[in-house]
Amino acid sequence: MRQKHTERSSERIIKDIKRKTRRQYSAEEKIRIVLDGLRGEDSIAELCRRESISQGIY
């Protein structure tokens, strides 16, 4: 019983840390990233790696 309580609290701590450390992009940054992708100078995969975002998010 006690172990479940500590598992839940540790999961909550991890989720809180992830929320606080998640990068938030401004509207200008989002537009810049999309325009960089449309220019086609680099592949989308390379652009996503450089910006540290997943291709699904792009």
# chains A, B, ... in the order shown; residues from 1 in each chain; ligands from 1
>>> residues_around(residues="Gly56 of chain A", least_positions_apart="4", cutoff="12 Å", atoms="only C-alpha atoms", output="JSON, numbers by chain")
{"A": [44, 45, 48, 52]}
>>> write_last_selection(atoms="N, CA and C atoms", output="compact mmCIF listing (two decimals), in the first residue's frame")
# COMPACT_ATOMS: atom_id res chain seq x y z
N ILE A 44 13.34 18.62 -43.55
CA ILE A 44 12.49 18.80 -42.37
C ILE A 44 13.10 18.08 -41.17
N ALA A 45 13.67 16.92 -41.41
CA ALA A 45 14.30 16.17 -40.33
C ALA A 45 15.44 16.97 -39.70
N CYS A 48 14.04 19.93 -37.72
CA CYS A 48 13.46 19.49 -36.44
C CYS A 48 14.55 19.13 -35.44
N SER A 52 15.07 21.06 -32.00
CA SER A 52 14.72 20.13 -30.92
C SER A 52 13.21 19.94 -30.80
>>> residues_around(residues="Leu47 of chain A", least_positions_apart="3", cutoff="12 Å", atoms="only C-alpha atoms", output="list of chain:residue names")
A:Arg32, A:Ile33, A:Val34, A:Leu35, A:Asp36, A:Gly37, A:Leu38, A:Arg39, A:Gly40, A:Glu41, A:Asp42, A:Ser43, A:Ile44, A:Arg50, A:Glu51, A:Ser52, A:Ile53, A:Ser54, A:Gln55, A:Ile57, A:Tyr58
>>> write_last_selection(atoms="C-alpha atoms", output="PDB file, in the first residue's frame")
ATOM      1  CA  ARG A  32      10.197  31.282 -38.421  1.00  0.00           C
ATOM      2  CA  ILE A  33      10.439  27.495 -38.067  1.00  0.00           C
ATOM      3  CA  VAL A  34       7.632  26.877 -40.573  1.00  0.00           C
ATOM      4  CA  LEU A  35       9.109  29.363 -43.060  1.00  0.00           C
ATOM      5  CA  ASP A  36      12.521  27.696 -42.722  1.00  0.00           C
ATOM      6  CA  GLY A  37      10.857  24.400 -43.599  1.00  0.00           C
ATOM      7  CA  LEU A  38       9.076  25.896 -46.596  1.00  0.00           C
ATOM      8  CA  ARG A  39      12.310  27.393 -47.918  1.00  0.00           C
ATOM      9  CA  GLY A  40      13.629  23.873 -48.338  1.00  0.00           C
ATOM     10  CA  GLU A  41      17.289  24.701 -47.698  1.00  0.00           C
ATOM     11  CA  ASP A  42      17.486  21.874 -45.150  1.00  0.00           C
ATOM     12  CA  SER A  43      15.374  18.762 -44.829  1.00  0.00           C
ATOM     13  CA  ILE A  44      12.488  18.804 -42.370  1.00  0.00           C
ATOM     14  CA  ARG A  50      18.181  21.722 -34.969  1.00  0.00           C
ATOM     15  CA  GLU A  51      15.091  23.148 -33.268  1.00  0.00           C
ATOM     16  CA  SER A  52      14.721  20.134 -30.919  1.00  0.00           C
ATOM     17  CA  ILE A  53      11.157  19.379 -31.959  1.00  0.00           C
ATOM     18  CA  SER A  54       9.601  16.179 -33.245  1.00  0.00           C
ATOM     19  CA  GLN A  55       8.601  15.907 -36.865  1.00  0.00           C
ATOM     20  CA  ILE A  57       4.951  18.604 -34.010  1.00  0.00           C
ATOM     21  CA  TYR A  58       6.293  20.316 -37.121  1.00  0.00           C
TER      22      TYR A  58
END
>>> atom_distance(atom1="atom CA of Lys20 of chain A", atom2="atom CA of Arg8 of chain A")
18.5 Å
>>> atom_distance(atom1="atom CA of Glu46 of chain A", atom2="atom CA of Arg19 of chain A")
25.4 Å
>>> select_by_dssp(residues="chain A", states="alpha helix (DSSP H)", output="PyMOL selection string")
chain A and resi 2-21+27-39+44-51
